[in-house]
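Here is start18.tsv, consisting of TSV, C-alpha atoms:
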```tsv
chain	number	residue	atom	x	y	z
A	1	MET	CA	51.28	-71.70	102.39
A	2	ASP	CA	48.65	-72.92	104.86
A	3	HIS	CA	45.38	-71.01	105.03
A	4	LEU	CA	45.44	-68.96	108.22
A	5	PRO	CA	42.48	-68.53	110.59
A	6	LEU	CA	41.42	-65.11	111.82
A	7	PRO	CA	43.93	-63.96	114.44
A	8	LEU	CA	41.42	-63.68	117.29
A	9	ASP	CA	39.57	-66.92	116.60
A	10	GLY	CA	38.99	-68.56	120.00
A	11	ILE	CA	39.16	-65.29	121.97
A	12	THR	CA	36.06	-64.34	123.97
A	13	VAL	CA	35.30	-60.73	124.91
A	14	VAL	CA	32.58	-59.55	127.28
A	15	ALA	CA	31.61	-55.90	126.93
A	16	VAL	CA	29.41	-53.69	129.09
A	17	GLU	CA	29.37	-50.89	126.60
A	18	GLN	CA	27.41	-48.05	125.11
A	19	ALA	CA	27.65	-45.27	122.52
A	20	VAL	CA	30.80	-45.45	120.32
A	21	SER	CA	34.18	-45.77	122.04
A	22	ALA	CA	33.87	-49.26	123.53
A	23	PRO	CA	31.48	-50.65	120.87
A	24	PHE	CA	33.78	-49.58	118.02
A	25	ALA	CA	36.77	-51.16	119.77
A	26	THR	CA	34.99	-54.47	120.35
A	27	ARG	CA	33.48	-54.54	116.86
A	28	GLN	CA	37.00	-54.56	115.47
A	29	LEU	CA	37.86	-57.45	117.76
A	30	ALA	CA	34.79	-59.26	116.43
A	31	ASP	CA	35.83	-58.56	112.83
A	32	LEU	CA	39.15	-60.26	113.55
A	33	GLY	CA	37.46	-63.39	114.85
A	34	ALA	CA	36.77	-62.77	118.55
A	35	ARG	CA	33.48	-63.81	120.08
A	36	VAL	CA	32.04	-60.60	121.54
A	37	ILE	CA	29.23	-60.80	124.10
A	38	LYS	CA	27.54	-57.41	124.41
A	39	VAL	CA	25.76	-56.78	127.72
A	40	GLU	CA	22.91	-54.28	127.32
A	41	ARG	CA	20.29	-52.72	129.55
A	42	VAL	CA	16.91	-54.44	129.59
A	43	ASP	CA	15.12	-51.11	129.05
A	44	GLY	CA	16.19	-50.22	125.54
A	45	GLY	CA	19.73	-51.56	125.50
A	46	ASP	CA	22.74	-49.55	124.38
A	47	PHE	CA	21.37	-46.02	124.12
A	48	ALA	CA	23.03	-45.68	120.69
A	49	ARG	CA	20.17	-47.90	119.45
A	50	GLY	CA	17.99	-44.80	119.80
A	51	TYR	CA	20.19	-42.14	118.21
A	52	ASP	CA	18.38	-42.20	114.87
A	53	THR	CA	16.50	-44.49	112.47
A	54	ALA	CA	18.56	-43.72	109.36
A	55	ALA	CA	19.76	-47.27	108.60
A	56	ARG	CA	16.47	-48.75	107.38
A	57	GLY	CA	14.89	-48.06	110.76
A	58	LEU	CA	17.99	-48.86	112.80
A	59	ALA	CA	20.42	-46.36	114.31
A	60	SER	CA	23.40	-45.67	112.05
A	61	HIS	CA	25.88	-45.49	114.95
A	62	PHE	CA	24.67	-48.83	116.27
A	63	VAL	CA	24.85	-50.56	112.90
A	64	TRP	CA	28.39	-49.24	112.37
A	65	CYS	CA	29.76	-50.27	115.77
A	66	ASN	CA	27.99	-53.52	116.67
A	67	ARG	CA	28.04	-56.08	113.91
A	68	GLY	CA	29.22	-59.57	114.76
A	69	LYS	CA	28.23	-59.46	118.44
A	70	GLU	CA	25.90	-61.48	120.67
A	71	SER	CA	23.45	-59.36	122.66
A	72	ILE	CA	22.33	-60.25	126.17
A	73	ALA	CA	20.01	-57.88	128.02
A	74	LEU	CA	20.44	-57.78	131.81
A	75	ASP	CA	19.62	-55.54	134.74
A	76	LEU	CA	23.00	-55.16	136.45
A	77	LYS	CA	21.44	-53.44	139.45
A	78	ASP	CA	19.87	-56.79	140.34
A	79	PRO	CA	22.39	-59.20	141.92
A	80	ARG	CA	21.13	-61.99	139.66
A	81	GLY	CA	21.92	-59.99	136.53
A	82	LEU	CA	25.34	-59.04	137.84
A	83	ASP	CA	26.02	-62.68	138.69
A	84	VAL	CA	25.42	-63.63	135.06
A	85	VAL	CA	28.03	-61.11	133.91
A	86	ARG	CA	30.51	-62.46	136.44
A	87	ARG	CA	29.94	-65.98	135.15
A	88	LEU	CA	30.51	-64.80	131.59
A	89	VAL	CA	33.68	-62.95	132.58
A	90	ALA	CA	35.06	-66.04	134.33
A	91	ASP	CA	35.37	-67.75	130.94
A	92	ALA	CA	36.42	-64.68	128.96
A	93	ASP	CA	39.79	-63.51	127.68
A	94	ALA	CA	38.95	-59.82	127.77
A	95	PHE	CA	36.41	-57.47	129.34
A	96	VAL	CA	35.69	-53.96	128.05
A	97	GLN	CA	33.56	-51.27	129.68
A	98	ASN	CA	32.90	-47.56	129.18
A	99	LEU	CA	30.30	-46.87	131.85
A	100	ALA	CA	30.18	-43.49	133.56
A	101	HIS	CA	33.04	-42.95	135.99
A	102	GLY	CA	32.58	-44.97	139.17
A	103	ALA	CA	29.73	-47.11	137.87
A	104	ALA	CA	31.88	-50.12	136.99
A	105	ALA	CA	33.68	-49.98	140.34
A	106	ARG	CA	30.38	-49.93	142.21
A	107	LEU	CA	29.41	-53.10	140.34
A	108	GLY	CA	32.81	-54.72	140.88
A	109	LEU	CA	33.41	-54.63	137.13
A	110	ASP	CA	36.38	-52.27	137.07
A	111	ALA	CA	39.64	-53.54	135.62
A	112	ALA	CA	41.52	-53.68	138.92
A	113	THR	CA	38.86	-55.79	140.65
A	114	LEU	CA	38.37	-58.18	137.74
A	115	CYS	CA	42.07	-58.70	137.07
A	116	ALA	CA	42.71	-59.44	140.76
A	117	ALA	CA	40.10	-62.21	140.55
A	118	HIS	CA	41.13	-63.48	137.08
A	119	PRO	CA	44.89	-63.11	136.49
A	120	ARG	CA	44.66	-64.10	132.79
A	121	LEU	CA	41.88	-61.62	132.06
A	122	ILE	CA	42.55	-58.44	130.09
A	123	ALA	CA	40.18	-55.78	131.40
A	124	VAL	CA	39.76	-52.43	129.67
A	125	ASP	CA	38.43	-49.29	131.32
A	126	ILE	CA	37.54	-46.56	128.80
A	127	SER	CA	36.77	-43.18	130.34
A	128	GLY	CA	36.53	-39.56	129.33
A	129	TYR	CA	39.41	-38.17	131.33
A	130	GLY	CA	41.07	-41.06	133.18
A	131	GLY	CA	40.78	-42.53	136.65
A	132	SER	CA	42.44	-39.68	138.54
A	133	GLY	CA	42.86	-35.92	138.36
A	134	PRO	CA	40.43	-33.00	138.62
A	135	TYR	CA	38.41	-34.02	135.54
A	136	THR	CA	37.83	-37.62	136.63
A	137	ASP	CA	34.15	-37.16	137.42
A	138	LYS	CA	33.42	-34.78	134.54
A	139	ARG	CA	30.93	-35.94	131.95
A	140	ALA	CA	32.65	-36.64	128.65
A	141	TYR	CA	30.89	-36.62	125.31
A	142	ASP	CA	32.68	-36.56	122.00
A	143	MET	CA	32.21	-32.90	121.10
A	144	LEU	CA	33.17	-31.78	124.61
A	145	VAL	CA	36.40	-33.77	124.49
A	146	GLN	CA	37.15	-32.44	121.00
A	147	CYS	CA	37.02	-28.98	122.56
A	148	GLU	CA	39.11	-29.92	125.61
A	149	ALA	CA	41.75	-31.56	123.40
A	150	GLY	CA	42.12	-28.51	121.15
A	151	LEU	CA	40.89	-30.23	118.00
A	152	VAL	CA	38.17	-27.63	117.50
A	153	SER	CA	40.75	-24.84	117.80
A	154	VAL	CA	42.55	-25.99	114.65
A	155	THR	CA	39.49	-27.08	112.63
A	156	GLY	CA	37.31	-24.74	110.60
A	157	THR	CA	37.81	-21.34	109.04
A	158	PRO	CA	39.64	-18.27	110.37
A	159	GLY	CA	36.38	-16.89	111.71
A	160	GLN	CA	34.69	-20.09	112.88
A	161	PRO	CA	36.09	-23.05	114.81
A	162	VAL	CA	34.12	-26.25	114.18
A	163	LYS	CA	34.08	-29.78	115.54
A	164	ALA	CA	35.13	-32.66	113.33
A	165	GLY	CA	32.28	-34.18	111.34
A	166	ILE	CA	32.97	-37.62	112.84
A	167	PRO	CA	33.18	-38.58	116.56
A	168	ALA	CA	36.96	-38.18	116.61
A	169	ALA	CA	37.42	-38.48	120.39
A	170	ASP	CA	35.33	-41.64	120.54
A	171	ILE	CA	37.16	-43.16	117.58
A	172	ALA	CA	40.58	-42.28	119.01
A	173	ALA	CA	39.72	-43.96	122.33
A	174	ALA	CA	38.32	-46.98	120.49
A	175	MET	CA	41.47	-47.42	118.44
A	176	TYR	CA	43.71	-47.35	121.53
A	177	ALA	CA	41.40	-49.74	123.39
A	178	PHE	CA	41.50	-52.09	120.38
A	179	SER	CA	45.29	-51.95	120.09
A	180	GLY	CA	45.62	-52.14	123.89
A	181	VAL	CA	43.76	-55.46	123.91
A	182	LEU	CA	45.96	-56.79	121.11
A	183	ALA	CA	49.14	-55.71	122.93
A	184	ALA	CA	47.92	-57.25	126.19
A	185	LEU	CA	47.12	-60.53	124.39
A	186	VAL	CA	50.69	-60.64	123.08
A	187	ARG	CA	52.05	-60.00	126.58
A	188	ARG	CA	49.77	-62.67	128.01
A	189	GLY	CA	51.16	-65.09	125.45
A	190	THR	CA	54.65	-64.64	126.90
A	191	THR	CA	53.86	-64.10	130.60
A	192	GLY	CA	50.58	-65.96	131.10
A	193	ARG	CA	49.06	-62.87	132.73
A	194	GLY	CA	46.48	-60.41	131.49
A	195	GLY	CA	46.03	-57.16	133.34
A	196	PRO	CA	44.25	-53.82	133.23
A	197	VAL	CA	44.21	-51.52	130.20
A	198	GLU	CA	43.24	-47.88	130.71
A	199	VAL	CA	42.24	-45.53	127.89
A	200	SER	CA	40.90	-42.00	128.21
A	201	MET	CA	39.25	-40.08	125.40
A	202	LEU	CA	41.18	-36.90	126.24
A	203	GLU	CA	44.57	-38.62	126.23
A	204	ALA	CA	43.78	-40.52	123.04
A	205	LEU	CA	42.74	-37.39	121.15
A	206	ALA	CA	45.59	-35.35	122.64
A	207	GLU	CA	47.97	-37.87	121.06
A	208	TRP	CA	46.27	-37.34	117.70
A	209	MET	CA	46.88	-33.60	118.15
A	210	GLY	CA	50.63	-34.27	118.00
A	211	HIS	CA	51.49	-32.14	114.96
A	212	PRO	CA	49.77	-28.89	115.96
A	213	LEU	CA	50.66	-29.48	119.60
A	214	HIS	CA	54.38	-29.83	118.92
A	215	HIS	CA	54.20	-26.96	116.43
A	216	ALA	CA	52.89	-24.70	119.21
A	217	LEU	CA	54.96	-26.16	122.06
A	218	HIS	CA	58.39	-25.76	120.58
A	219	GLY	CA	58.56	-22.20	119.38
A	220	GLY	CA	55.92	-21.96	116.67
A	221	GLU	CA	52.50	-20.38	116.64
A	222	PRO	CA	49.46	-22.66	116.77
A	223	PRO	CA	48.48	-23.54	113.18
A	224	ALA	CA	45.83	-21.24	111.80
A	225	ARG	CA	42.38	-22.51	110.90
A	226	THR	CA	42.33	-22.44	107.11
A	227	GLY	CA	39.28	-24.44	106.04
A	228	LEU	CA	40.39	-26.88	103.35
A	229	ALA	CA	43.62	-24.99	102.78
A	230	HIS	CA	46.91	-25.94	104.42
A	231	ALA	CA	48.31	-23.52	106.99
A	232	VAL	CA	51.92	-23.65	105.75
A	233	ILE	CA	51.76	-24.96	102.16
A	234	ALA	CA	50.42	-23.25	99.00
A	235	PRO	CA	48.71	-24.10	96.76
A	236	TYR	CA	46.93	-26.70	98.87
A	237	ASP	CA	43.17	-26.20	98.74
A	238	ALA	CA	39.92	-27.01	96.94
A	239	TYR	CA	39.08	-25.18	93.72
A	240	PRO	CA	35.76	-25.04	91.84
A	241	THR	CA	35.42	-26.51	88.36
A	242	ALA	CA	33.16	-25.63	85.47
A	243	ASP	CA	30.69	-28.45	86.18
A	244	GLY	CA	30.07	-27.45	89.80
A	245	GLY	CA	32.59	-29.86	91.27
A	246	ARG	CA	35.54	-29.11	93.49
A	247	VAL	CA	39.04	-30.44	92.97
A	248	LEU	CA	41.71	-30.44	95.64
A	249	LEU	CA	45.38	-30.27	94.85
A	250	SER	CA	48.56	-30.16	96.86
A	251	VAL	CA	51.91	-28.83	95.74
A	252	GLN	CA	54.48	-30.18	98.18
A	253	ASN	CA	57.67	-28.74	96.71
A	254	ASP	CA	58.97	-26.25	94.17
A	255	ARG	CA	59.55	-28.90	91.49
A	256	GLU	CA	55.85	-29.69	91.58
A	257	TRP	CA	55.05	-25.99	91.35
A	258	ARG	CA	57.10	-25.77	88.14
A	259	ARG	CA	55.16	-28.66	86.64
A	260	LEU	CA	51.85	-27.13	87.71
A	261	ALA	CA	52.78	-23.75	86.22
A	262	GLU	CA	53.96	-25.25	82.93
A	263	GLN	CA	51.49	-28.09	82.34
A	264	VAL	CA	48.26	-27.00	84.05
A	265	LEU	CA	48.30	-23.24	84.46
A	266	GLY	CA	49.96	-22.67	81.08
A	267	ARG	CA	52.15	-20.03	82.69
A	268	PRO	CA	55.74	-21.37	82.62
A	269	GLU	CA	57.14	-18.00	83.68
A	270	LEU	CA	55.57	-18.48	87.13
A	271	ALA	CA	58.04	-21.28	87.81
A	272	THR	CA	60.83	-18.77	88.29
A	273	ASP	CA	58.85	-15.67	89.30
A	274	PRO	CA	60.24	-14.65	92.74
A	275	ALA	CA	56.67	-14.12	93.99
A	276	TYR	CA	55.82	-17.81	93.40
A	277	ALA	CA	59.01	-19.82	92.91
A	278	THR	CA	59.28	-21.02	96.53
A	279	ASN	CA	56.70	-22.31	98.95
A	280	ALA	CA	57.47	-19.48	101.39
A	281	ALA	CA	56.78	-16.97	98.60
A	282	ARG	CA	53.57	-18.71	97.58
A	283	VAL	CA	52.32	-18.75	101.17
A	284	ALA	CA	53.15	-15.04	101.46
A	285	HIS	CA	51.14	-14.48	98.26
A	286	ARG	CA	48.48	-17.09	99.00
A	287	GLU	CA	45.53	-15.12	97.61
A	288	GLU	CA	47.30	-14.46	94.32
A	289	THR	CA	48.52	-18.07	94.11
A	290	ASP	CA	45.03	-19.43	94.75
A	291	ALA	CA	43.56	-17.03	92.18
A	292	LEU	CA	45.95	-18.31	89.52
A	293	VAL	CA	45.06	-21.94	90.22
A	294	ALA	CA	41.35	-21.22	90.52
A	295	GLY	CA	41.31	-19.40	87.20
A	296	ALA	CA	42.95	-22.29	85.39
A	297	LEU	CA	40.63	-24.95	86.85
A	298	ALA	CA	37.40	-22.94	86.58
A	299	VAL	CA	37.21	-23.49	82.80
A	300	LEU	CA	37.61	-27.29	83.11
A	301	ASP	CA	35.16	-29.89	84.34
A	302	ALA	CA	36.28	-31.91	87.35
A	303	GLY	CA	37.27	-34.98	85.34
A	304	GLU	CA	39.42	-32.97	82.93
A	305	ALA	CA	41.03	-31.00	85.75
A	306	LEU	CA	41.95	-34.20	87.57
A	307	ALA	CA	43.33	-35.77	84.39
A	308	ARG	CA	45.59	-32.78	83.73
A	309	LEU	CA	46.81	-32.71	87.32
A	310	GLU	CA	47.50	-36.45	87.28
A	311	LYS	CA	49.41	-36.16	84.00
A	312	ALA	CA	51.53	-33.40	85.52
A	313	GLY	CA	52.26	-35.52	88.60
A	314	ILE	CA	50.36	-33.24	90.96
A	315	ALA	CA	48.63	-34.82	93.97
A	316	CYS	CA	44.91	-34.23	93.62
A	317	ALA	CA	41.49	-35.46	94.71
A	318	ARG	CA	37.80	-34.95	94.10
A	319	LEU	CA	35.73	-33.46	96.93
A	320	ARG	CA	33.14	-36.22	97.36
A	321	ASP	CA	29.97	-36.37	99.37
A	322	LEU	CA	28.91	-39.52	101.24
A	323	HIS	CA	26.86	-40.93	98.37
A	324	GLU	CA	29.89	-40.53	96.11
A	325	LEU	CA	32.04	-42.26	98.73
A	326	ALA	CA	29.61	-45.18	98.68
A	327	GLU	CA	30.14	-45.41	94.91
A	328	HIS	CA	33.90	-44.80	95.05
A	329	PRO	CA	35.57	-46.63	92.16
A	330	GLN	CA	38.58	-47.63	94.26
A	331	LEU	CA	36.43	-49.30	96.91
A	332	ALA	CA	34.49	-51.05	94.17
A	333	ALA	CA	37.61	-52.20	92.34
A	334	ARG	CA	39.06	-53.65	95.55
A	335	GLU	CA	35.72	-55.30	96.40
A	336	ARG	CA	35.52	-53.72	99.86
A	337	TRP	CA	31.75	-53.86	100.24
A	338	ARG	CA	29.90	-56.74	101.89
A	339	GLN	CA	26.42	-57.32	103.27
A	340	VAL	CA	25.71	-57.97	106.94
A	341	GLY	CA	22.48	-59.21	108.44
A	342	SER	CA	20.41	-57.09	110.81
A	343	PRO	CA	16.92	-56.96	112.31
A	344	ALA	CA	16.04	-54.74	109.34
A	345	GLY	CA	17.45	-57.14	106.74
A	346	PRO	CA	20.77	-57.08	104.88
A	347	LEU	CA	22.81	-53.87	105.07
A	348	LYS	CA	25.90	-52.79	103.15
A	349	ALA	CA	29.08	-52.54	105.20
A	350	LEU	CA	32.74	-51.96	104.46
A	351	LEU	CA	35.34	-54.57	105.17
A	352	PRO	CA	37.61	-53.35	107.98
A	353	PRO	CA	40.81	-51.69	106.73
A	354	ILE	CA	43.06	-54.36	108.28
A	355	THR	CA	43.52	-56.89	105.48
A	356	LEU	CA	45.28	-60.17	106.23
A	357	PRO	CA	46.06	-61.89	102.91
A	358	GLY	CA	46.38	-65.65	103.00
A	359	GLY	CA	43.79	-66.14	105.67
A	360	ASP	CA	40.10	-65.98	106.41
A	361	GLU	CA	38.29	-62.78	105.49
A	362	ALA	CA	37.12	-60.55	108.32
A	363	ARG	CA	34.09	-61.96	110.08
A	364	MET	CA	31.30	-59.59	109.06
A	365	GLY	CA	28.68	-60.81	111.50
A	366	ASP	CA	25.09	-59.69	111.92
A	367	VAL	CA	23.96	-56.64	113.84
A	368	PRO	CA	22.08	-58.15	116.81
A	369	ALA	CA	18.61	-57.35	118.02
A	370	LEU	CA	18.40	-56.37	121.69
A	371	GLY	CA	18.63	-59.53	123.80
A	372	GLN	CA	18.77	-61.76	120.72
A	373	HIS	CA	21.18	-64.15	122.45
A	374	THR	CA	20.00	-63.82	126.05
A	375	GLY	CA	18.47	-67.30	126.31
A	376	ALA	CA	21.41	-69.10	124.73
A	377	LEU	CA	23.95	-67.26	126.87
A	378	LEU	CA	22.01	-67.86	130.09
A	379	ARG	CA	21.88	-71.56	129.29
A	380	ALA	CA	25.60	-71.48	128.49
A	381	VAL	CA	26.39	-70.27	132.03
A	382	GLY	CA	24.40	-73.15	133.50
A	383	MET	CA	20.93	-71.75	134.06
A	384	THR	CA	17.86	-73.94	133.74
A	385	ASP	CA	14.81	-73.01	131.73
A	386	ASP	CA	12.91	-72.32	134.96
A	387	GLU	CA	15.64	-69.98	136.21
A	388	ILE	CA	15.69	-68.18	132.88
A	389	ALA	CA	11.91	-67.82	132.94
A	390	ALA	CA	12.12	-66.32	136.43
A	391	LEU	CA	14.73	-63.76	135.31
A	392	ARG	CA	12.57	-62.74	132.38
A	393	ARG	CA	9.45	-62.56	134.55
A	394	ASP	CA	11.22	-60.31	137.06
A	395	GLY	CA	12.66	-58.01	134.38
A	396	VAL	CA	16.25	-59.01	135.18
A	397	ALA	CA	16.79	-60.40	131.68
A	398	ALA	CA	15.18	-59.64	128.34
```
Represent the structure of the file as structure tokens.
Amino acid sequence: MDHLPLPLDGITVVAVEQAVSAPFATRQLADLGARVIKVERVDGGDFARGYDTAARGLASHFVWCNRGKESIALDLKDPRGLDVVRRLVADADAFVQNLAHGAAARLGLDAATLCAAHPRLIAVDISGYGGSGPYTDKRAYDMLVQCEAGLVSVTGTPGQPVKAGIPAADIAAAMYAFSGVLAALVRRGTTGRGGPVEVSMLEALAEWMGHPLHHALHGGEPPARTGLAHAVIAPYDAYPTADGGRVLLSVQNDREWRRLAEQVLGRPELATDPAYATNAARVAHREETDALVAGALAVLDAGEALARLEKAGIACARLRDLHELAEHPQLAARERWRQVGSPAGPLKALLPPITLPGGDEARMGDVPALGQHTGALLRAVGMTDDEIAALRRDGVAA
């Protein structure tokens, strides 16, 4: 079998992007071989560069979402800076932006305008709430959209709703922007035409809310907030172990409950006890069910508890923190870690979860410094050294 190139090798993407939703989408395009040109503000660049300094002095969000890109710093309020972007777009396959509502249109960088001028271009508009409707102009940050989409209402404990610990609305929008570009590239391959792609954070996250939404819509009650427990399955929770760890287990059917009762709890009579024999009964007696499981696991260390559960064929997991995730034996065994370059030196990064055997490995490019590629890109669009010097002198490029 011939060795295959990365699927997006030869594709060029221009992105006027910030924060997470657009940068995470375009980083995945870069991982799959696309050339991604990131347009940043001259005064500090993508504001995610300033979120924190946790990654050896760099912002963790920025490191995560921006490897493998070329950075050009331009003032788009100056016609000369905007002209550079238009020249870059003229040779691009895709354009992605997530500016505040109306900003791209004022610059002539909205999808409709660009696609009218460049019929083969795929142009992506990512917004908080979409291009029409009463929420169009509303500011949209991840936590706010998590609340509007109902995610917070089903996350947390009975007494306390909480937001997800990751930017779920941003990630959802990024994933649909990423897949939208891929779908549009396929369509362009058969029709020769690109076209606009629209993604809103609210609509993306509302789709991810499908299970609880349909549960509530079609006759059921909204699922209760149950912490790590499952609202309609028992036992399905985290239980402490003798060494201070926590082990999660999930019993999905009554056959598994019988195995758990016999092989882990040491109480075979519970397999047929009417109070526990069915899932409905166990949910009705959740506190008693959890107490039985907790008592059996509390005298074992986490490793022994997991071994017994595995031997009994019970789905289980260890509750890991982030340092333990970084040392996860499965990620190590599958050699998922790589190093990427950055202005702060080499940094560890995970290979993207899309694996394409038989071809080139994902392109794990460097995290760029602000404006690192400005000069080269300006020369690539035909500017002379004198013109470039003038742009830098006037603060239009950096």
**Q.** Radius query 10 Å about (41.0, -39.2, 123.2), atoms used: all atoms listed in the file, as a count of residues only
**A.** 30
Could you build a table of the residues in range 243-315 of chain A lying no more than 12 Å from range 211-228 of chain A, giving for each the nearest pair of atoms and their separation in Å rounded to one decimal place, using all atoms listed in the file, ordered by chain and ascending residue number, as a tab-separated table?
```
residue	atom	partner	partner_atom	distance
A:Arg246	CA	A:Leu228	CA	11.2
A:Val247	CA	A:Leu228	CA	11.1
A:Leu248	CA	A:Leu228	CA	8.6
A:Leu249	CA	A:Leu228	CA	10.4
A:Ser250	CA	A:Leu228	CA	10.9
A:Arg286	CA	A:Thr226	CA	11.5
```
Q.
Measuring between only C-alpha atoms, which one of A:Glu256, A:Glu70, A:Asp290, A:Glu269 shows the shortest distance to Ala376 in chain A?
A. A:Glu70
(Q) I'd like the interatomic distance between CA of Asp52 in chain A and CA of Ala398 in chain A, to a tenth of an Å. (A)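 Interatomic distance, CA of Asp52 in chain A to CA of Ala398 in chain A: 22.3 Å.
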(Q) With all atoms listed in the file as the counted atoms, please give the residues lying no more than 8 Å from range 95-100 of chain A, apart from itself and same-chain residues fewer than 5 positions off, as a list in words. (A)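 In the requested form, the answer reads Val13, Val14, Ala15, Val16, Glu17, Gln18, Ser21, Ala22, Thr26, Val89, Asp110, Leu121, Ile122, Ala123, Val124, Asp125, Ile126, Ser127 and Arg139 of chain A.
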(Q) I'd like the interatomic distance between CA of Gly359 in chain A and CA of Asp2 in chain A, to a tenth of an Å. (A)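 Value for the CA of Gly359 in chain A-CA of Asp2 in chain A distance: 8.4 Å.
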Q: Record the distance separating CA of Ala231 in chain A and CA of Arg258 in chain A, expressed in Å with one decimal.
A: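 These two atoms are separated by 20.9 Å.
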Q: Counting only C-alpha atoms, figure out which residue out of A:Gly81, A:Gly102, A:Gly194, A:Gly313 gets nearest to Arg41 in chain A.
A: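 Closest to Arg41 in chain A of all the choices is A:Gly81.
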Q) Hey, which of A:Ile72, A:Leu58, A:Ala229, A:Leu6 ends up closest to Leu378 in chain A? Count all atoms listed in the file. A)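 Distance minimum relative to Leu378 in chain A lands on A:Ile72.
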Q | Nearby residues (only C-alpha atoms) at most 12 Å from Ala380 in chain A, same-chain spacing under 5 positions excluded, as a PyMOL selection string | A | chain A and resi 72+84-85+87-88+91+373-375+385+388
Please dump the current selection as a PDB file, keeping the file's coordinate frame; keep C-alpha atoms.
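Printed below is selection.pdb as written:
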```
ATOM      1  CA  ILE A  72      22.330 -60.250 126.170  1.00  0.00           C
ATOM      2  CA  VAL A  84      25.420 -63.630 135.060  1.00  0.00           C
ATOM      3  CA  VAL A  85      28.030 -61.110 133.910  1.00  0.00           C
ATOM      4  CA  ARG A  87      29.940 -65.980 135.150  1.00  0.00           C
ATOM      5  CA  LEU A  88      30.510 -64.800 131.590  1.00  0.00           C
ATOM      6  CA  ASP A  91      35.370 -67.750 130.940  1.00  0.00           C
ATOM      7  CA  HIS A 373      21.180 -64.150 122.450  1.00  0.00           C
ATOM      8  CA  THR A 374      20.000 -63.820 126.050  1.00  0.00           C
ATOM      9  CA  GLY A 375      18.470 -67.300 126.310  1.00  0.00           C
ATOM     10  CA  ASP A 385      14.810 -73.010 131.730  1.00  0.00           C
ATOM     11  CA  ILE A 388      15.690 -68.180 132.880  1.00  0.00           C
TER      12      ILE A 388
END
```
Q. What's the 12 Å shell around Arg106 in chain A, counting only C-alpha atoms, without same-chain residues fewer than 5 positions away, as a VMD selection string?
A. chain A and resid 76 to 77 82 99 to 101 111 113
Write out as lines of an AutoDock Vina configuration file an axis-aligned box for range 138-145 of chain A: all of its atoms listed in the file, 4 Å added on each side, centre and edge lengths in Å with one decimal.
```
center_x = 33.6
center_y = -34.2
center_z = 127.8
size_x = 13.5
size_y = 12.9
size_z = 21.4
```
Test item: write range 8-40 of chain A with C-alpha atoms as a CSV table (one decimal), in the first residue's frame:
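Output contents, as saved in out-v7.csv:
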```
chain,number,residue,atom,x,y,z
A,8,LEU,CA,-5.3,18.4,4.0
A,9,ASP,CA,-1.8,18.8,2.5
A,10,GLY,CA,-2.0,21.6,0.0
A,11,ILE,CA,-5.0,23.3,1.6
A,12,THR,CA,-4.5,26.9,2.8
A,13,VAL,CA,-6.6,28.4,5.6
A,14,VAL,CA,-6.6,32.1,6.7
A,15,ALA,CA,-8.1,32.7,10.1
A,16,VAL,CA,-9.0,36.0,11.8
A,17,GLU,CA,-9.5,34.3,15.2
A,18,GLN,CA,-9.3,34.7,18.9
A,19,ALA,CA,-10.0,32.8,22.1
A,20,VAL,CA,-10.9,29.1,21.6
A,21,SER,CA,-13.7,28.2,19.1
A,22,ALA,CA,-12.0,29.3,15.9
A,23,PRO,CA,-8.4,28.6,17.0
A,24,PHE,CA,-9.3,25.0,18.1
A,25,ALA,CA,-11.0,24.4,14.8
A,26,THR,CA,-8.1,25.7,12.7
A,27,ARG,CA,-5.5,23.9,14.8
A,28,GLN,CA,-7.2,20.6,13.9
A,29,LEU,CA,-7.0,21.6,10.2
A,30,ALA,CA,-3.3,22.3,10.7
A,31,ASP,CA,-2.8,18.9,12.4
A,32,LEU,CA,-4.2,17.3,9.3
A,33,GLY,CA,-1.8,19.1,7.0
A,34,ALA,CA,-3.4,22.4,6.2
A,35,ARG,CA,-1.3,25.6,6.1
A,36,VAL,CA,-3.0,27.9,8.6
A,37,ILE,CA,-2.3,31.6,8.5
A,38,LYS,CA,-3.4,33.2,11.8
A,39,VAL,CA,-4.1,36.9,11.6
A,40,GLU,CA,-3.6,38.6,15.0
```
